[in-house]
$ cat work_3.cif   # mmCIF, C-alpha atoms
data_my_file
loop_
_atom_site.group_PDB
_atom_site.id
_atom_site.type_symbol
_atom_site.label_atom_id
_atom_site.label_comp_id
_atom_site.auth_asym_id
_atom_site.auth_seq_id
_atom_site.Cartn_x
_atom_site.Cartn_y
_atom_site.Cartn_z
ATOM 1 C CA MET L 219 5.122 -16.662 23.434
ATOM 2 C CA ASN L 220 2.385 -17.688 21.004
ATOM 3 C CA THR L 221 0.168 -18.728 23.889
ATOM 4 C CA ALA L 222 0.684 -15.350 25.527
ATOM 5 C CA ALA L 223 -0.178 -13.594 22.270
ATOM 6 C CA ASN L 224 -3.298 -15.719 21.882
ATOM 7 C CA THR L 225 -4.364 -14.995 25.451
ATOM 8 C CA LYS L 226 -3.950 -11.286 24.777
ATOM 9 C CA ALA L 227 -5.889 -11.592 21.540
ATOM 10 C CA ASP L 228 -8.739 -13.371 23.326
ATOM 11 C CA ALA L 229 -8.769 -10.760 26.067
ATOM 12 C CA ASP L 230 -8.838 -7.998 23.449
ATOM 13 C CA ARG L 231 -11.739 -9.620 21.659
ATOM 14 C CA GLU L 232 -13.703 -9.940 24.895
ATOM 15 C CA ASP L 233 -13.006 -6.371 25.968
ATOM 16 C CA VAL L 234 -13.923 -4.934 22.594
ATOM 17 C CA ALA L 235 -17.197 -6.835 22.674
ATOM 18 C CA ARG L 236 -17.903 -5.462 26.139
ATOM 19 C CA VAL L 237 -17.098 -1.901 25.094
ATOM 20 C CA LEU L 238 -19.326 -2.211 22.051
ATOM 21 C CA ALA L 239 -22.079 -3.509 24.297
ATOM 22 C CA GLY L 240 -21.861 -0.240 26.211
ATOM 23 C CA GLU L 241 -19.466 -1.076 29.032
ATOM 24 C CA VAL L 242 -17.098 1.889 28.793
ATOM 25 C CA ARG L 243 -14.829 0.730 31.658
ATOM 26 C CA ALA L 244 -13.826 -2.359 29.674
ATOM 27 C CA PHE L 245 -11.741 -0.054 27.512
ATOM 28 C CA GLU L 246 -9.476 0.416 30.517
ATOM 29 C CA ASN L 247 -8.227 -3.171 30.114
ATOM 30 C CA ILE L 248 -7.327 -2.439 26.511
ATOM 31 C CA VAL L 249 -5.421 0.684 27.513
ATOM 32 C CA LEU L 250 -3.641 -1.199 30.291
ATOM 33 C CA ARG L 251 -2.598 -3.940 27.905
ATOM 34 C CA TRP L 252 -1.369 -1.693 25.094
ATOM 35 C CA GLN L 253 -0.270 1.557 26.718
ATOM 36 C CA ALA L 254 3.402 0.632 26.957
ATOM 37 C CA PRO L 255 3.751 -0.586 23.339
ATOM 38 C CA LEU L 256 1.891 2.412 21.956
ATOM 39 C CA ILE L 257 3.934 4.903 23.985
ATOM 40 C CA ASN L 258 7.160 3.177 23.005
ATOM 41 C CA LEU L 259 6.189 3.176 19.351
ATOM 42 C CA ALA L 260 5.407 6.906 19.564
ATOM 43 C CA TRP L 261 8.711 7.434 21.348
ATOM 44 C CA ARG L 262 10.544 5.881 18.429
ATOM 45 C CA TYR L 263 8.788 8.293 16.122
ATOM 46 C CA THR L 264 9.454 11.417 18.177
ATOM 47 C CA ARG L 265 12.150 10.866 20.832
ATOM 48 C CA ASP L 266 10.091 13.175 23.000
ATOM 49 C CA ARG L 267 8.509 11.553 26.003
ATOM 50 C CA SER L 268 5.669 13.966 26.627
ATOM 51 C CA ARG L 269 4.778 14.128 22.973
ATOM 52 C CA ALA L 270 4.915 10.333 22.774
ATOM 53 C CA GLU L 271 2.380 10.091 25.602
ATOM 54 C CA GLU L 272 0.133 12.679 23.963
ATOM 55 C CA MET L 273 0.266 10.824 20.669
ATOM 56 C CA ALA L 274 -0.437 7.485 22.325
ATOM 57 C CA GLN L 275 -3.385 9.033 24.163
ATOM 58 C CA GLU L 276 -4.737 10.337 20.885
ATOM 59 C CA ALA L 277 -4.276 6.877 19.353
ATOM 60 C CA PHE L 278 -6.355 5.308 22.130
ATOM 61 C CA LEU L 279 -9.058 7.906 21.659
ATOM 62 C CA ARG L 280 -9.141 7.258 17.970
ATOM 63 C CA ALA L 281 -9.287 3.521 18.647
ATOM 64 C CA TRP L 282 -12.231 4.157 20.991
ATOM 65 C CA ARG L 283 -14.068 6.164 18.351
ATOM 66 C CA ASN L 284 -13.447 3.631 15.609
ATOM 67 C CA LEU L 285 -13.766 0.439 17.599
ATOM 68 C CA LYS L 286 -16.745 -0.612 15.508
ATOM 69 C CA SER L 287 -14.580 -0.675 12.413
ATOM 70 C CA TRP L 288 -12.495 -3.544 13.825
ATOM 71 C CA ARG L 289 -14.320 -6.569 12.536
ATOM 72 C CA GLY L 290 -11.947 -9.180 13.846
ATOM 73 C CA GLU L 291 -10.392 -10.115 10.487
ATOM 74 C CA CYS L 292 -6.961 -9.422 11.938
ATOM 75 C CA ARG L 293 -5.684 -9.306 15.498
ATOM 76 C CA PHE L 294 -6.850 -6.327 17.508
ATOM 77 C CA SER L 295 -3.202 -5.452 18.150
ATOM 78 C CA SER L 296 -2.464 -5.318 14.406
ATOM 79 C CA TRP L 297 -5.445 -3.044 13.894
ATOM 80 C CA LEU L 298 -4.393 -0.855 16.809
ATOM 81 C CA PHE L 299 -0.774 -0.577 15.637
ATOM 82 C CA ALA L 300 -1.858 0.279 12.086
ATOM 83 C CA LEU L 301 -4.167 2.961 13.438
ATOM 84 C CA ALA L 302 -1.480 4.337 15.749
ATOM 85 C CA THR L 303 1.177 4.328 13.022
ATOM 86 C CA ASN L 304 -1.125 6.239 10.732
ATOM 87 C CA LEU L 305 -1.884 8.768 13.436
ATOM 88 C CA TYR L 306 1.767 9.210 14.429
ATOM 89 C CA ARG L 307 2.762 9.774 10.815
ATOM 90 C CA ASN L 308 0.055 12.410 10.375
ATOM 91 C CA GLU L 309 0.947 14.060 13.663
ATOM 92 C CA LEU L 310 4.547 14.375 12.558
ATOM 93 C CA LYS L 311 3.421 15.829 9.268
ATOM 94 C CA ARG L 312 1.256 18.329 11.156
ATOM 95 C CA ILE L 313 3.915 19.343 13.659
ATOM 96 C CA PRO L 314 7.281 18.109 12.403
ATOM 97 C CA MET L 315 10.177 17.438 14.710
ATOM 98 C CA GLN L 316 13.131 19.758 14.643
ATOM 99 C CA LEU L 317 15.457 17.580 12.638
ATOM 100 C CA LEU L 318 18.829 17.891 11.079
ATOM 101 C CA PRO L 319 19.287 16.288 7.676
ATOM 102 C CA VAL L 320 21.144 12.973 7.804
ATOM 103 C CA ASP L 321 24.331 14.611 6.550
ATOM 104 C CA TYR L 322 24.315 17.025 9.469
ATOM 105 C CA ALA L 323 23.851 14.358 12.126
ATOM 106 C CA PRO L 324 26.914 14.412 14.353
ATOM 107 C CA GLU L 325 29.526 11.893 13.393
ATOM 108 C CA PRO L 326 31.789 10.733 16.155
ATOM 109 C CA SER L 327 35.473 10.601 15.391
ATOM 110 C CA LEU L 328 37.340 7.319 15.648
ATOM 111 C CA PRO L 329 37.453 6.518 19.352
ATOM 112 C CA ALA L 330 40.567 6.126 21.388
ATOM 113 C CA ALA L 331 40.671 2.818 23.228
ATOM 114 C CA GLN L 332 40.060 4.290 26.655
ATOM 115 C CA LEU L 333 37.080 6.270 25.401
ATOM 116 C CA GLU L 334 35.578 3.450 23.439
ATOM 117 C CA MET L 335 32.800 2.598 25.853
ATOM 118 C CA ALA L 336 31.665 6.195 26.181
ATOM 119 C CA MET L 337 31.897 6.675 22.443
ATOM 120 C CA LYS L 338 29.860 3.555 21.795
ATOM 121 C CA GLY L 339 27.025 4.932 23.885
ATOM 122 C CA ARG L 340 27.230 8.208 22.055
ATOM 123 C CA ARG L 341 27.375 6.434 18.716
ATOM 124 C CA CYS L 342 24.217 4.480 19.502
ATOM 125 C CA GLU L 343 22.407 7.740 20.154
ATOM 126 C CA ASP L 344 23.800 9.221 16.956
ATOM 127 C CA VAL L 345 22.591 6.255 14.923
ATOM 128 C CA ARG L 346 19.127 6.577 16.463
ATOM 129 C CA SER L 347 19.084 10.292 15.717
ATOM 130 C CA ALA L 348 20.150 9.558 12.169
ATOM 131 C CA VAL L 349 17.164 7.221 11.817
ATOM 132 C CA LEU L 350 14.901 10.128 12.704
ATOM 133 C CA ALA L 351 16.586 12.247 10.075
ATOM 134 C CA LEU L 352 15.756 9.741 7.324
ATOM 135 C CA PRO L 353 12.888 10.636 4.982
ATOM 136 C CA MET L 354 9.610 9.284 6.368
ATOM 137 C CA HIS L 355 9.241 6.500 3.783
ATOM 138 C CA TYR L 356 12.600 5.067 4.877
ATOM 139 C CA ARG L 357 12.289 6.002 8.539
ATOM 140 C CA GLU L 358 9.025 4.153 9.183
ATOM 141 C CA PRO L 359 10.219 0.742 7.974
ATOM 142 C CA VAL L 360 13.293 1.048 10.200
ATOM 143 C CA ILE L 361 11.257 2.123 13.238
ATOM 144 C CA LEU L 362 8.671 -0.621 12.827
ATOM 145 C CA TYR L 363 11.127 -3.380 11.903
ATOM 146 C CA TYR L 364 13.038 -2.912 15.140
ATOM 147 C CA PHE L 365 9.923 -2.160 17.177
ATOM 148 C CA PHE L 366 8.506 -5.538 16.150
ATOM 149 C CA GLU L 367 11.807 -7.188 17.007
ATOM 150 C CA MET L 368 12.779 -7.668 13.382
ATOM 151 C CA ASP L 369 9.507 -9.316 12.414
ATOM 152 C CA LEU L 370 9.332 -8.245 8.801
ATOM 153 C CA ALA L 371 5.839 -9.572 8.119
ATOM 154 C CA MET L 372 4.313 -7.842 11.120
ATOM 155 C CA ALA L 373 6.043 -4.544 10.378
ATOM 156 C CA ALA L 374 5.032 -4.624 6.706
ATOM 157 C CA ALA L 375 1.449 -5.492 7.631
ATOM 158 C CA THR L 376 1.287 -2.558 10.032
ATOM 159 C CA LEU L 377 2.260 -0.208 7.230
ATOM 160 C CA LYS L 378 -0.128 -2.049 4.893
ATOM 161 C CA MET L 379 2.768 -2.458 2.508
ATOM 162 C CA PRO L 380 3.853 -5.496 0.441
ATOM 163 C CA GLU L 381 6.776 -7.262 2.090
ATOM 164 C CA GLY L 382 8.941 -6.763 -0.988
ATOM 165 C CA THR L 383 8.481 -2.994 -0.918
ATOM 166 C CA PHE L 384 9.077 -2.948 2.808
ATOM 167 C CA LYS L 385 12.265 -4.969 2.425
ATOM 168 C CA ALA L 386 13.525 -2.689 -0.328
ATOM 169 C CA ARG L 387 12.921 0.442 1.735
ATOM 170 C CA LEU L 388 14.487 -1.081 4.799
ATOM 171 C CA SER L 389 17.505 -2.098 2.804
ATOM 172 C CA ARG L 390 17.847 1.398 1.327
ATOM 173 C CA ALA L 391 17.503 2.973 4.771
ATOM 174 C CA ARG L 392 20.220 0.724 6.176
ATOM 175 C CA LYS L 393 22.454 1.585 3.249
ATOM 176 C CA ILE L 394 22.028 5.285 4.007
ATOM 177 C CA LEU L 395 22.820 4.651 7.661
ATOM 178 C CA ARG L 396 25.862 2.545 6.817
ATOM 179 C CA GLU L 397 27.140 5.267 4.521
ATOM 180 C CA ARG L 398 26.550 7.827 7.233
ATOM 181 C CA PHE L 399 28.330 5.763 9.860
ATOM 182 C CA PRO L 400 31.229 4.013 8.126
ATOM 183 C CA GLN L 401 32.813 3.215 11.478
ATOM 184 C CA LEU L 402 29.991 0.696 12.037
ATOM 185 C CA ARG L 403 31.219 -1.191 8.989
ATOM 186 C CA ASP L 404 34.749 -1.164 10.349
ATOM 187 C CA GLU L 405 33.490 -2.494 13.616
ATOM 188 C CA ILE L 406 31.517 -5.236 11.880
ATOM 189 C CA ALA L 407 34.587 -6.152 9.847
ATOM 190 C CA HIS L 408 36.569 -6.295 13.083
ATOM 191 C CA VAL L 409 33.940 -8.523 14.721
ATOM 192 C CA GLN L 410 33.851 -10.789 11.666
ATOM 193 C CA THR L 411 37.638 -11.116 11.503
ATOM 194 C CA THR L 412 37.853 -11.939 15.188
ATOM 195 C CA THR L 413 35.066 -14.503 14.875
ATOM 196 C CA ALA L 414 36.688 -16.041 11.809
ATOM 197 C CA LEU L 415 40.085 -16.314 13.476
ATOM 198 C CA ARG L 416 38.893 -17.729 16.780
ATOM 199 C CA PRO L 417 37.974 -21.293 15.658
ATOM 200 C CA LYS L 418 41.297 -21.664 13.845
ATOM 201 C CA ALA L 419 43.195 -20.709 16.959
ATOM 202 C CA GLU L 420 41.093 -23.119 18.989
ATOM 203 C CA THR L 421 41.780 -25.928 16.483
ATOM 204 C CA ARG L 422 45.474 -25.263 16.677
ATOM 205 C CA ALA L 423 45.395 -25.354 20.436
ATOM 206 C CA MET F 87 10.535 -14.141 8.832
ATOM 207 C CA LYS F 88 13.832 -12.402 9.357
ATOM 208 C CA LEU F 89 16.103 -10.516 7.064
ATOM 209 C CA PRO F 90 19.598 -11.817 6.562
ATOM 210 C CA SER F 91 21.673 -9.279 8.414
ATOM 211 C CA GLU F 92 25.307 -10.368 8.224
ATOM 212 C CA ASN F 93 26.471 -6.914 7.266
ATOM 213 C CA ASP F 94 24.096 -5.162 9.586
ATOM 214 C CA VAL F 95 25.018 -6.839 12.845
ATOM 215 C CA GLN F 96 26.058 -3.664 14.550
ATOM 216 C CA LEU F 97 23.196 -1.631 13.188
ATOM 217 C CA ASP F 98 20.729 -4.305 14.283
ATOM 218 C CA ARG F 99 22.318 -4.420 17.714
ATOM 219 C CA ILE F 100 22.085 -0.658 18.190
ATOM 220 C CA LEU F 101 18.584 -0.236 16.852
ATOM 221 C CA SER F 102 17.216 -3.279 18.660
ATOM 222 C CA ALA F 103 18.642 -2.244 22.009
ATOM 223 C CA GLU F 104 16.204 0.569 22.519
ATOM 224 C CA GLU F 105 15.350 1.791 25.981
ATOM 225 C CA GLU F 106 11.808 0.949 27.026
ATOM 226 C CA LEU F 107 9.601 3.727 28.311
ATOM 227 C CA LEU F 108 7.140 3.018 31.066
ATOM 228 C CA PRO F 109 3.820 4.824 30.857
ATOM 229 C CA GLY F 110 3.453 7.729 33.259
ATOM 230 C CA SER F 111 1.333 7.123 36.343
ATOM 231 C CA GLY F 112 -1.467 9.378 35.120
ATOM 232 C CA PHE F 113 -1.575 8.056 31.589
ATOM 233 C CA LEU F 114 -4.309 5.474 32.045
ATOM 234 C CA SER F 115 -6.539 7.802 34.038
ATOM 235 C CA SER F 116 -6.183 10.656 31.561
ATOM 236 C CA VAL F 117 -7.048 8.376 28.635
ATOM 237 C CA MET F 118 -10.067 6.984 30.481
ATOM 238 C CA GLU F 119 -11.155 10.462 31.500
ATOM 239 C CA ARG F 120 -11.260 11.552 27.894
ATOM 240 C CA VAL F 121 -12.929 8.332 26.806
ATOM 241 C CA GLU F 122 -15.628 8.758 29.441
ATOM 242 C CA GLU F 123 -16.127 12.389 28.438
ATOM 243 C CA GLU F 124 -16.685 11.275 24.885
ATOM 244 C CA ALA F 125 -18.957 8.456 25.946
ATOM 245 C CA ALA F 126 -21.070 10.855 28.021
ATOM 246 C CA ALA F 127 -21.304 13.473 25.299
ATOM 247 C CA PRO F 128 -24.458 13.439 23.183
ATOM 248 C CA PRO F 129 -23.962 11.868 19.779
ATOM 249 C CA PRO F 130 -22.914 14.394 17.154
ATOM 250 C CA ILE F 131 -25.653 15.823 14.984
ATOM 251 C CA PRO F 132 -25.393 14.085 11.644
ATOM 252 C CA PHE F 133 -24.551 16.291 8.734
ATOM 253 C CA PRO F 134 -27.766 17.169 6.835
ATOM 254 C CA TRP F 135 -26.697 15.619 3.571
ATOM 255 C CA GLN F 136 -30.249 15.323 2.283
ATOM 256 C CA ARG F 137 -30.893 19.042 2.643
ATOM 257 C CA VAL F 138 -27.494 19.998 1.319
ATOM 258 C CA LEU F 139 -27.867 17.781 -1.728
ATOM 259 C CA SER F 140 -31.355 19.085 -2.508
ATOM 260 C CA GLY F 141 -30.020 22.633 -2.072
ATOM 261 C CA LEU F 142 -27.168 21.881 -4.418
ATOM 262 C CA LEU F 143 -29.531 20.379 -6.924
ATOM 263 C CA LEU F 144 -31.653 23.514 -6.770
ATOM 264 C CA ILE F 145 -28.606 25.740 -7.274
ATOM 265 C CA ALA F 146 -27.475 23.603 -10.205
ATOM 266 C CA ILE F 147 -30.940 23.819 -11.804
ATOM 267 C CA LEU F 148 -31.012 27.589 -11.303
ATOM 268 C CA CYS F 149 -27.555 27.975 -12.778
ATOM 269 C CA ALA F 150 -28.410 25.746 -15.715
ATOM 270 C CA GLY F 151 -31.628 27.709 -16.242
ATOM 271 C CA THR F 152 -29.768 31.022 -16.164
ATOM 272 C CA VAL F 153 -27.161 29.780 -18.608
ATOM 273 C CA PHE F 154 -29.843 28.353 -20.879
ATOM 274 C CA PHE F 155 -31.852 31.597 -20.745
ATOM 275 C CA TYR F 156 -28.757 33.630 -21.507
ATOM 276 C CA PHE F 157 -27.793 31.417 -24.458
ATOM 277 C CA ARG F 158 -31.282 31.768 -25.853
ATOM 278 C CA GLN F 159 -31.084 35.531 -25.590
ATOM 279 C CA ILE F 160 -27.737 35.562 -27.342
ATOM 280 C CA ALA F 161 -29.054 33.320 -30.083
ATOM 281 C CA GLU F 162 -32.080 35.555 -30.584
ATOM 282 C CA ALA F 163 -29.920 38.673 -30.584
ATOM 283 C CA LEU F 164 -27.627 37.136 -33.180
ATOM 284 C CA ARG F 165 -30.580 36.227 -35.369
ATOM 285 C CA GLU F 166 -31.927 39.775 -35.184
ATOM 286 C CA VAL F 167 -28.653 41.494 -35.931
ATOM 287 C CA ASN F 168 -28.215 42.730 -39.428
ATOM 288 C CA TYR F 169 -24.561 42.161 -40.036
ATOM 289 C CA SER F 170 -24.475 44.233 -43.192
ATOM 290 C CA GLN F 171 -25.703 47.418 -41.469
ATOM 291 C CA THR F 172 -24.501 47.848 -37.935
ATOM 292 C CA PRO F 173 -21.360 46.404 -36.435
ATOM 293 C CA VAL F 174 -22.239 44.094 -33.593
ATOM 294 C CA ALA F 175 -21.192 45.448 -30.235
ATOM 295 C CA LEU F 176 -20.371 42.035 -28.757
ATOM 296 C CA PRO F 177 -17.023 42.299 -26.996
ATOM 297 C CA THR F 178 -15.974 38.746 -27.812
ATOM 298 C CA SER F 179 -17.049 35.878 -29.987
ATOM 299 C CA PRO F 180 -20.333 34.168 -29.049
ATOM 300 C CA LEU F 181 -18.482 30.915 -28.398
ATOM 301 C CA PHE F 182 -16.223 32.627 -25.857
ATOM 302 C CA THR F 183 -19.214 34.234 -24.142
ATOM 303 C CA ILE F 184 -21.040 30.931 -23.962
ATOM 304 C CA ALA F 185 -18.023 29.228 -22.430
ATOM 305 C CA THR F 186 -17.537 32.036 -19.925
ATOM 306 C CA TRP F 187 -21.129 31.947 -18.797
ATOM 307 C CA SER F 188 -21.154 28.172 -18.596
ATOM 308 C CA LEU F 189 -18.128 28.234 -16.368
ATOM 309 C CA THR F 190 -19.542 31.057 -14.269
ATOM 310 C CA GLY F 191 -22.742 29.097 -13.842
ATOM 311 C CA LEU F 192 -21.020 25.867 -12.917
ATOM 312 C CA LEU F 193 -18.420 27.337 -10.607
ATOM 313 C CA PRO F 194 -20.608 28.047 -7.526
ATOM 314 C CA PRO F 195 -22.083 24.529 -7.225
ATOM 315 C CA LEU F 196 -18.662 22.997 -7.835
ATOM 316 C CA LEU F 197 -17.127 25.191 -5.152
ATOM 317 C CA VAL F 198 -19.893 24.336 -2.698
ATOM 318 C CA LEU F 199 -19.416 20.645 -3.445
ATOM 319 C CA PHE F 200 -15.657 20.903 -2.999
ATOM 320 C CA PHE F 201 -15.933 22.634 0.389
ATOM 321 C CA LEU F 202 -18.607 20.234 1.585
ATOM 322 C CA ARG F 203 -16.416 17.265 0.751
ATOM 323 C CA ARG F 204 -13.521 18.805 2.633
ATOM 324 C CA MET F 205 -15.766 19.531 5.614
ATOM 325 C CA ASN F 206 -16.967 15.965 5.550
ATOM 326 C CA ARG F 207 -13.392 14.706 5.646
ATOM 327 C CA GLY F 208 -12.738 16.933 8.646
ATOM 328 C CA LEU F 209 -10.220 19.129 6.863
ATOM 329 C CA PHE F 210 -11.795 22.265 8.292
#
$ encode --input "work_3.cif" --output "structure tokens"
Amino acid sequence: MNTAANTKADADREDVARVLAGEVRAFENIVLRWQAPLINLAWRYTRDRSRAEEMAQEAFLRAWRNLKSWRGECRFSSWLFALATNLYRNELKRIPMQLLPVDYAPEPSLPAAQLEMAMKGRRCEDVRSAVLALPMHYREPVILYYFFEMDLAMAAATLKMPEGTFKARLSRARKILRERFPQLRDEIAHVQTTTALRPKAETRA
Amino acid sequence: MKLPSENDVQLDRILSAEEELLPGSGFLSSVMERVEEEAAAPPPIPFPWQRVLSGLLLIAILCAGTVFFYFRQIAEALREVNYSQTPVALPTSPLFTIATWSLTGLLPPLLVLFFLRRMNRGLF
């Protein structure tokens, strides 16, 4: 995975150098490489596909305009994600999403056994909607933490935030979500009890 | 570095299992179209800071001159007034007048500076 990341980083460096030398088409490689991550990041901010694409497009344009300001101190991808995050945040401030406060997010009732699968799917969507209803300073850490596959350092660096602050906000956001969805806690407790009991039963057998 | 997430197993599972969007077929071409448009456009005319600053300086000097001239007139008028004979027809105390005129003189250049800074930051 590291090799792949390094290859991408090298390719980015080369393409940026080519763009800065005047070869506009080299920017296409950059877009090709990063279009999916940038759209998906925007999607997590908005949950609106067309708006996510518009925001990602704007992020690429901004990257194009400010390419000179990337001096290679960090990875190009880190620079690009920081730029995109900043833009997405400002875009949402400019035209906010139609959101319900966390307390108004729909809460599914306790599922009957036969409906459990369907309810689980619904619950996942509710949890994701509840993330969007969090205040921005709690929402962003959650979005970025999971976007970067729980890489705390990377997510904190993208927000240009000390890891301690990031951790504290993430923890607070999760607490709000747990309080909003107590059934998740029950489910966790159920999973933990089952896991704890299983080895004993196996030992006995 | 990962957070310990014993109590957040379910939350982690839900929020990690996010559907992945694939970029639309026209995404790349529309980005490149806009990039090429920008690349082909003539470079923007730089903001004439030198002229603006010299203009501001001139305004500031004029304002300061006006204020100074006005203060001098007030001072002369006060010297000439015979307090024992005629009541002075000044509406307020000289100190208040001086402060008012100072502020009036300083306000235009400050406003111009404020709006120029905002324009420079692209807020207009």
$ resolve_selection --input "work_3.cif" --expression "the PyMOL selection byres ((chain F and resi 111-114) around 9)" --output "number ranges by chain"
L: 246, 249-250, 253, 271, 275; F: 108-110, 115-119
$ residues_around --input "work_3.cif" --residues "range 198-202 of chain F" --least-positions-apart "3" --cutoff "12 Å" --atoms "all atoms listed in the file" --output "compact mmCIF listing (two decimals) with C-alpha atoms, keeping the file's coordinate frame"
# COMPACT_ATOMS: atom_id res chain seq x y z
CA PHE F 133 -24.55 16.29 8.73
CA PRO F 134 -27.77 17.17 6.84
CA TRP F 135 -26.70 15.62 3.57
CA VAL F 138 -27.49 20.00 1.32
CA LEU F 139 -27.87 17.78 -1.73
CA GLY F 141 -30.02 22.63 -2.07
CA LEU F 142 -27.17 21.88 -4.42
CA LEU F 143 -29.53 20.38 -6.92
CA ILE F 145 -28.61 25.74 -7.27
CA ALA F 146 -27.48 23.60 -10.20
CA LEU F 192 -21.02 25.87 -12.92
CA LEU F 193 -18.42 27.34 -10.61
CA PRO F 194 -20.61 28.05 -7.53
CA PRO F 195 -22.08 24.53 -7.22
CA MET F 205 -15.77 19.53 5.61
CA ASN F 206 -16.97 15.96 5.55
CA ARG F 207 -13.39 14.71 5.65
CA GLY F 208 -12.74 16.93 8.65
CA LEU F 209 -10.22 19.13 6.86
CA PHE F 210 -11.80 22.26 8.29
$ closest_atom_pairs --input "work_3.cif" --of "chain F" --to "chain L" --cutoff "8 Å" --atoms "all atoms listed in the file" --output "CSV"
residue,atom,partner,partner_atom,distance
F:Met87,CA,L:Leu370,CA,6.0
F:Lys88,CA,L:Asp369,CA,6.1
F:Leu89,CA,L:Leu370,CA,7.3
F:Asn93,CA,L:Ile406,CA,7.0
F:Asp94,CA,L:Ile406,CA,7.8
F:Val95,CA,L:Ile406,CA,6.8
F:Gln96,CA,L:Ile406,CA,6.3
F:Leu97,CA,L:Leu402,CA,7.3
F:Asp98,CA,L:Tyr364,CA,7.9
F:Ile100,CA,L:Cys342,CA,5.7
F:Leu101,CA,L:Tyr364,CA,6.4
F:Ser102,CA,L:Tyr364,CA,5.5
F:Glu106,CA,L:Asn258,CA,6.5
F:Leu107,CA,L:Asn258,CA,5.9
F:Leu108,CA,L:Ala254,CA,6.0
F:Pro109,CA,L:Ala254,CA,5.7
F:Phe113,CA,L:Glu271,CA,7.5
F:Leu114,CA,L:Val249,CA,6.7
F:Val117,CA,L:Gln275,CA,5.8
F:Met118,CA,L:Glu246,CA,6.6
F:Arg120,CA,L:Leu279,CA,7.6
F:Val121,CA,L:Leu279,CA,6.5
F:Glu122,CA,L:Val242,CA,7.1
F:Ala125,CA,L:Val242,CA,7.4
$ write_last_selection --input "work_3.cif" --atoms "C-alpha atoms" --output "mmCIF file, in the coordinates of the input"
data_model
loop_
_atom_site.group_PDB
_atom_site.id
_atom_site.type_symbol
_atom_site.label_atom_id
_atom_site.label_comp_id
_atom_site.auth_asym_id
_atom_site.auth_seq_id
_atom_site.Cartn_x
_atom_site.Cartn_y
_atom_site.Cartn_z
ATOM 1 C CA MET F 87 10.535 -14.141 8.832
ATOM 2 C CA LYS F 88 13.832 -12.402 9.357
ATOM 3 C CA LEU F 89 16.103 -10.516 7.064
ATOM 4 C CA ASN F 93 26.471 -6.914 7.266
ATOM 5 C CA ASP F 94 24.096 -5.162 9.586
ATOM 6 C CA VAL F 95 25.018 -6.839 12.845
ATOM 7 C CA GLN F 96 26.058 -3.664 14.550
ATOM 8 C CA LEU F 97 23.196 -1.631 13.188
ATOM 9 C CA ASP F 98 20.729 -4.305 14.283
ATOM 10 C CA ILE F 100 22.085 -0.658 18.190
ATOM 11 C CA LEU F 101 18.584 -0.236 16.852
ATOM 12 C CA SER F 102 17.216 -3.279 18.660
ATOM 13 C CA GLU F 106 11.808 0.949 27.026
ATOM 14 C CA LEU F 107 9.601 3.727 28.311
ATOM 15 C CA LEU F 108 7.140 3.018 31.066
ATOM 16 C CA PRO F 109 3.820 4.824 30.857
ATOM 17 C CA PHE F 113 -1.575 8.056 31.589
ATOM 18 C CA LEU F 114 -4.309 5.474 32.045
ATOM 19 C CA VAL F 117 -7.048 8.376 28.635
ATOM 20 C CA MET F 118 -10.067 6.984 30.481
ATOM 21 C CA ARG F 120 -11.260 11.552 27.894
ATOM 22 C CA VAL F 121 -12.929 8.332 26.806
ATOM 23 C CA GLU F 122 -15.628 8.758 29.441
ATOM 24 C CA ALA F 125 -18.957 8.456 25.946
#
$ residues_around --input "work_3.cif" --residues "Tyr156 in chain F" --least-positions-apart "3" --cutoff "10 Å" --atoms "only C-alpha atoms" --output "ChimeraX atom specification"
/F:150-153,159-162,183-184,187-188
$ closest_residue --input "work_3.cif" --among "L:Arg236, L:Arg289, L:Arg357, L:Arg265" --to "Met315 in chain L" --atoms "all atoms listed in the file"
L:Arg265
$ axis_aligned_box --input "work_3.cif" --around "range 350-354 of chain L" --padding-each-side "8 Å" --output "AutoDock Vina command-line options"
--center_x 13.1 --center_y 10.8 --center_z 8.8 --size_x 23.0 --size_y 19.0 --size_z 23.7
$ closest_residue --input "work_3.cif" --among "L:Ala391, L:Ser347, L:Ala375, L:Leu362" --to "Thr264 in chain L" --atoms "all atoms listed in the file"
L:Ser347
$ closest_residue --input "work_3.cif" --among "F:Val167, F:Arg203, F:Gly191, F:Glu124" --to "Phe155 in chain F" --atoms "only C-alpha atoms"
F:Gly191
$ atom_distance --input "work_3.cif" --atom1 "CA of Ala227 in chain L" --atom2 "CA of Lys378 in chain L"
20.0 Å
$ atom_distance --input "work_3.cif" --atom1 "CA of Leu377 in chain L" --atom2 "CA of Ala222 in chain L"
23.8 Å
$ atom_distance --input "work_3.cif" --atom1 "CA of Ala223 in chain L" --atom2 "CA of Trp297 in chain L"
14.5 Å
$ resolve_selection --input "work_3.cif" --expression "the PyMOL selection byres ((chain L and resi 301) around 10)" --output "PyMOL selection string"
chain L and resi 277-278+280-281+284+295-300+302-306+376-377
$ residues_around --input "work_3.cif" --residues "Ala235 in chain L" --least-positions-apart "5" --cutoff "10 Å" --atoms "all atoms listed in the file" --output "list in words"
Ala229, Asp230, Gly240, Glu241, Ala244, Phe245, Leu285 and Lys286 of chain L
$ write_last_selection --input "work_3.cif" --atoms "C-alpha atoms" --output "PDB file, in the coordinates of the input"
ATOM      1  CA  ALA L 229      -8.769 -10.760  26.067  1.00  0.00           C
ATOM      2  CA  ASP L 230      -8.838  -7.998  23.449  1.00  0.00           C
ATOM      3  CA  GLY L 240     -21.861  -0.240  26.211  1.00  0.00           C
ATOM      4  CA  GLU L 241     -19.466  -1.076  29.032  1.00  0.00           C
ATOM      5  CA  ALA L 244     -13.826  -2.359  29.674  1.00  0.00           C
ATOM      6  CA  PHE L 245     -11.741  -0.054  27.512  1.00  0.00           C
ATOM      7  CA  LEU L 285     -13.766   0.439  17.599  1.00  0.00           C
ATOM      8  CA  LYS L 286     -16.745  -0.612  15.508  1.00  0.00           C
TER       9      LYS L 286
END
